[in-house]
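Chemist: Structure in structure tokens, see below.
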Amino acid sequence: MPPSKACCAHDHDCEASDCGPAYSLYKHIDMSHVRCLNEAQPGACRGVFKAWAERTQPTQPPLASNEDDPELLLHVPFDGAVKLKAICLVGGPDGTSPAKMKVWINRDDLDFEAAERVAAVQEWDLQAENPQATLEYPTQVAKFNGVHSLDILLSGNFGGDRAELHFVGLKGEFAERKRQAVEAVYELRPVPTDHKVPGTTAPGFGLGQ
């Protein structure tokens, strides 16, 4: 299947149109477990997931690849299941915006070598410039239901010496939280003294006292 393209979905006043809630999935990201392969500064990947109102503000430090190696592989886990409808990216200046994007869902074993072997759920050709976040990349929504994690491979650029990102927006719906394990203690054989009511004596106990 050929790579998907962007659509111009935000050529309007986003504040007046209240686009923010649609891009609120960042609130459901398990930030402590977000990671990125080939990032120049460890941990910078967490800064690009932020509120829609901050999408055009430069992220410091930006998420940047190592020099002369414009590839980034993000792992983004959620604290529940989501339905992903679109992705919006704001790349760096001077030709450092990524040129291609591939996405996998519900995996925790991807590295660059595995990404070469395993077919992506969807891939896109990216636009060179999107400083105002007017472009978004729609997903094939039927393939992005019940998403507990995303792996996003960004590769290439437009003539720069690295790949650089300042914003990753995830548009969709939050479906459910992961069930938390509940610890319960079950008695195989009741012990009468464990269930004694104050002022009473369990039958058969305390005789002769």
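Residue numbering restarts at 1 for every chain of the structure tokens, chains are lettered A, B, ... in their displayed order, and ligands are numbered from 1 as they appear.
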So which bits of stretch 65-169 of chain A end up helix (DSSP H, G or I) when you DSSP the backbone, as a tab-separated table (two decimals) with N, CA and C atoms, in the first residue's frame?

Modeler:
chain	number	residue	atom	x	y	z
A	112	PHE	N	15.52	-0.73	15.43
A	112	PHE	CA	15.64	-0.39	14.01
A	112	PHE	C	15.71	-1.63	13.12
A	113	GLU	N	16.37	-2.67	13.62
A	113	GLU	CA	16.48	-3.88	12.82
A	113	GLU	C	15.11	-4.54	12.65
A	114	ALA	N	14.36	-4.64	13.74
A	114	ALA	CA	13.02	-5.25	13.67
A	114	ALA	C	12.08	-4.41	12.80
A	115	ALA	N	12.23	-3.11	12.85
A	115	ALA	CA	11.38	-2.23	12.05
A	115	ALA	C	11.59	-2.44	10.55
A	116	GLU	N	12.74	-2.94	10.18
A	116	GLU	CA	13.00	-3.25	8.77
A	116	GLU	C	12.25	-4.51	8.35
A	117	ARG	N	12.03	-5.44	9.29
A	117	ARG	CA	11.43	-6.72	8.97
A	117	ARG	C	9.91	-6.73	9.12
A	141	VAL	N	-8.57	4.50	10.67
A	141	VAL	CA	-9.04	4.38	12.06
A	141	VAL	C	-9.37	2.94	12.44
A	142	ALA	N	-9.92	2.17	11.52
A	142	ALA	CA	-10.29	0.79	11.84
A	142	ALA	C	-9.09	-0.04	12.30
A	143	LYS	N	-7.87	0.38	11.91
A	143	LYS	CA	-6.66	-0.34	12.30
A	143	LYS	C	-6.06	0.19	13.60

Chemist: Taking only residues of stretch 141-180 of chain A that have an atom at most 8 Å from an atom of stretch 57-78 of chain A, what is each one's shortest atom pair and its distance in Å to one decimal, using only C-alpha atoms, in chain and number order, as a Markdown table?

Modeler:
| residue | atom | partner | partner_atom | distance |
| --- | --- | --- | --- | --- |
| A:His148 | CA | A:Phe78 | CA | 5.4 |
| A:Ser149 | CA | A:Pro77 | CA | 4.1 |
| A:Leu150 | CA | A:Val76 | CA | 5.0 |
| A:Asp151 | CA | A:His75 | CA | 4.6 |
| A:Ile152 | CA | A:Leu74 | CA | 5.0 |
| A:Leu153 | CA | A:Leu73 | CA | 4.5 |
| A:Leu154 | CA | A:Leu72 | CA | 5.2 |
| A:Ser155 | CA | A:Glu71 | CA | 4.4 |
| A:Gly156 | CA | A:Pro70 | CA | 5.3 |
| A:Asn157 | CA | A:Pro70 | CA | 6.7 |
| A:Asp161 | CA | A:Asp68 | CA | 5.1 |
| A:Arg162 | CA | A:Pro70 | CA | 4.6 |
| A:Ala163 | CA | A:Pro70 | CA | 4.5 |
| A:Glu164 | CA | A:Ala64 | CA | 4.3 |
| A:Leu165 | CA | A:Leu63 | CA | 5.1 |
| A:His166 | CA | A:Thr59 | CA | 5.1 |
| A:Phe167 | CA | A:Thr59 | CA | 7.4 |

Chemist: Return as JSON, numbers by chain the full set of residues in stretch 38-205 of chain A whose backbone-based DSSP assignment is strand (DSSP E).

Modeler: {"A": [63, 64, 71, 72, 73, 74, 75, 76, 77, 78, 79, 80, 81, 82, 83, 84, 85, 86, 87, 88, 89, 90, 91, 100, 101, 102, 103, 104, 105, 122, 123, 124, 125, 135, 136, 137, 138, 147, 148, 149, 150, 151, 152, 153, 154, 155, 164, 165, 166, 167, 168, 169, 170, 171, 172, 173, 174, 175, 176, 177]}

Chemist: Just C-alpha atoms for this one: save the residues we selected as an mmCIF file, in the first residue's frame.

Modeler:
data_model
loop_
_atom_site.group_PDB
_atom_site.id
_atom_site.type_symbol
_atom_site.label_atom_id
_atom_site.label_comp_id
_atom_site.auth_asym_id
_atom_site.auth_seq_id
_atom_site.Cartn_x
_atom_site.Cartn_y
_atom_site.Cartn_z
ATOM 1 C CA LEU A 63 13.832 15.784 20.118
ATOM 2 C CA ALA A 64 16.781 15.450 17.766
ATOM 3 C CA GLU A 71 16.234 8.369 12.283
ATOM 4 C CA LEU A 72 14.165 8.321 15.470
ATOM 5 C CA LEU A 73 12.168 5.392 16.839
ATOM 6 C CA LEU A 74 9.683 6.407 19.532
ATOM 7 C CA HIS A 75 7.899 4.013 21.870
ATOM 8 C CA VAL A 76 4.755 5.611 23.341
ATOM 9 C CA PRO A 77 2.734 3.584 25.885
ATOM 10 C CA PHE A 78 -0.701 4.692 27.144
ATOM 11 C CA ASP A 79 -2.325 4.129 30.526
ATOM 12 C CA GLY A 80 -5.336 2.552 28.822
ATOM 13 C CA ALA A 81 -6.712 1.864 25.340
ATOM 14 C CA VAL A 82 -7.129 4.628 22.768
ATOM 15 C CA LYS A 83 -8.596 5.055 19.305
ATOM 16 C CA LEU A 84 -6.056 6.987 17.216
ATOM 17 C CA LYS A 85 -7.512 9.147 14.449
ATOM 18 C CA ALA A 86 -4.613 11.359 13.344
ATOM 19 C CA ILE A 87 -1.063 12.466 14.113
ATOM 20 C CA CYS A 88 0.242 16.029 13.866
ATOM 21 C CA LEU A 89 3.974 16.781 13.746
ATOM 22 C CA VAL A 90 5.955 19.996 13.993
ATOM 23 C CA GLY A 91 9.528 19.406 12.877
ATOM 24 C CA LYS A 100 8.747 9.730 6.428
ATOM 25 C CA MET A 101 6.751 8.180 9.254
ATOM 26 C CA LYS A 102 5.812 4.562 9.989
ATOM 27 C CA VAL A 103 3.655 3.428 12.898
ATOM 28 C CA TRP A 104 3.120 0.084 14.677
ATOM 29 C CA ILE A 105 0.719 -0.626 17.526
ATOM 30 C CA GLN A 122 0.472 2.521 8.294
ATOM 31 C CA GLU A 123 3.089 4.836 6.804
ATOM 32 C CA TRP A 124 3.105 8.422 5.566
ATOM 33 C CA ASP A 125 5.165 10.751 3.392
ATOM 34 C CA LEU A 135 -1.350 19.665 8.661
ATOM 35 C CA GLU A 136 -2.358 16.385 10.216
ATOM 36 C CA TYR A 137 -1.810 12.809 9.087
ATOM 37 C CA PRO A 138 -5.052 10.789 9.289
ATOM 38 C CA VAL A 147 -4.199 0.878 21.002
ATOM 39 C CA HIS A 148 -2.162 0.452 24.202
ATOM 40 C CA SER A 149 1.141 1.595 22.697
ATOM 41 C CA LEU A 150 2.531 3.195 19.551
ATOM 42 C CA ASP A 151 5.923 2.808 17.945
ATOM 43 C CA ILE A 152 6.691 5.695 15.586
ATOM 44 C CA LEU A 153 9.621 5.545 13.178
ATOM 45 C CA LEU A 154 10.645 8.914 11.719
ATOM 46 C CA SER A 155 13.280 8.816 9.028
ATOM 47 C CA GLU A 164 14.353 17.182 14.719
ATOM 48 C CA LEU A 165 10.892 17.407 16.290
ATOM 49 C CA HIS A 166 9.179 19.963 18.532
ATOM 50 C CA PHE A 167 5.641 18.575 18.761
ATOM 51 C CA VAL A 168 3.847 15.263 18.349
ATOM 52 C CA GLY A 169 0.072 15.580 18.618
ATOM 53 C CA LEU A 170 -2.151 12.515 18.894
ATOM 54 C CA LYS A 171 -5.802 12.963 17.941
ATOM 55 C CA GLY A 172 -8.352 10.429 19.090
ATOM 56 C CA GLU A 173 -10.427 9.038 21.916
ATOM 57 C CA PHE A 174 -9.503 7.484 25.227
ATOM 58 C CA ALA A 175 -11.377 4.225 25.681
ATOM 59 C CA GLU A 176 -10.545 2.636 29.031
ATOM 60 C CA ARG A 177 -8.038 2.461 31.808
#

Chemist: When distances are computed from only C-alpha atoms, which of A:Ala51, A:Gly146, A:Gln132, A:Ser97 shows the smallest separation from A:Ser24?

Modeler: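 Of A:Ala51, A:Gly146, A:Gln132, A:Ser97, the one nearest A:Ser24, counting only C-alpha atoms, is A:Ala51.
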
Chemist: When you count only C-alpha atoms, which of these residues is closest to A:Gly160: A:Ala120, A:Thr96, A:Asn145, A:Gln140?

Modeler: A:Thr96
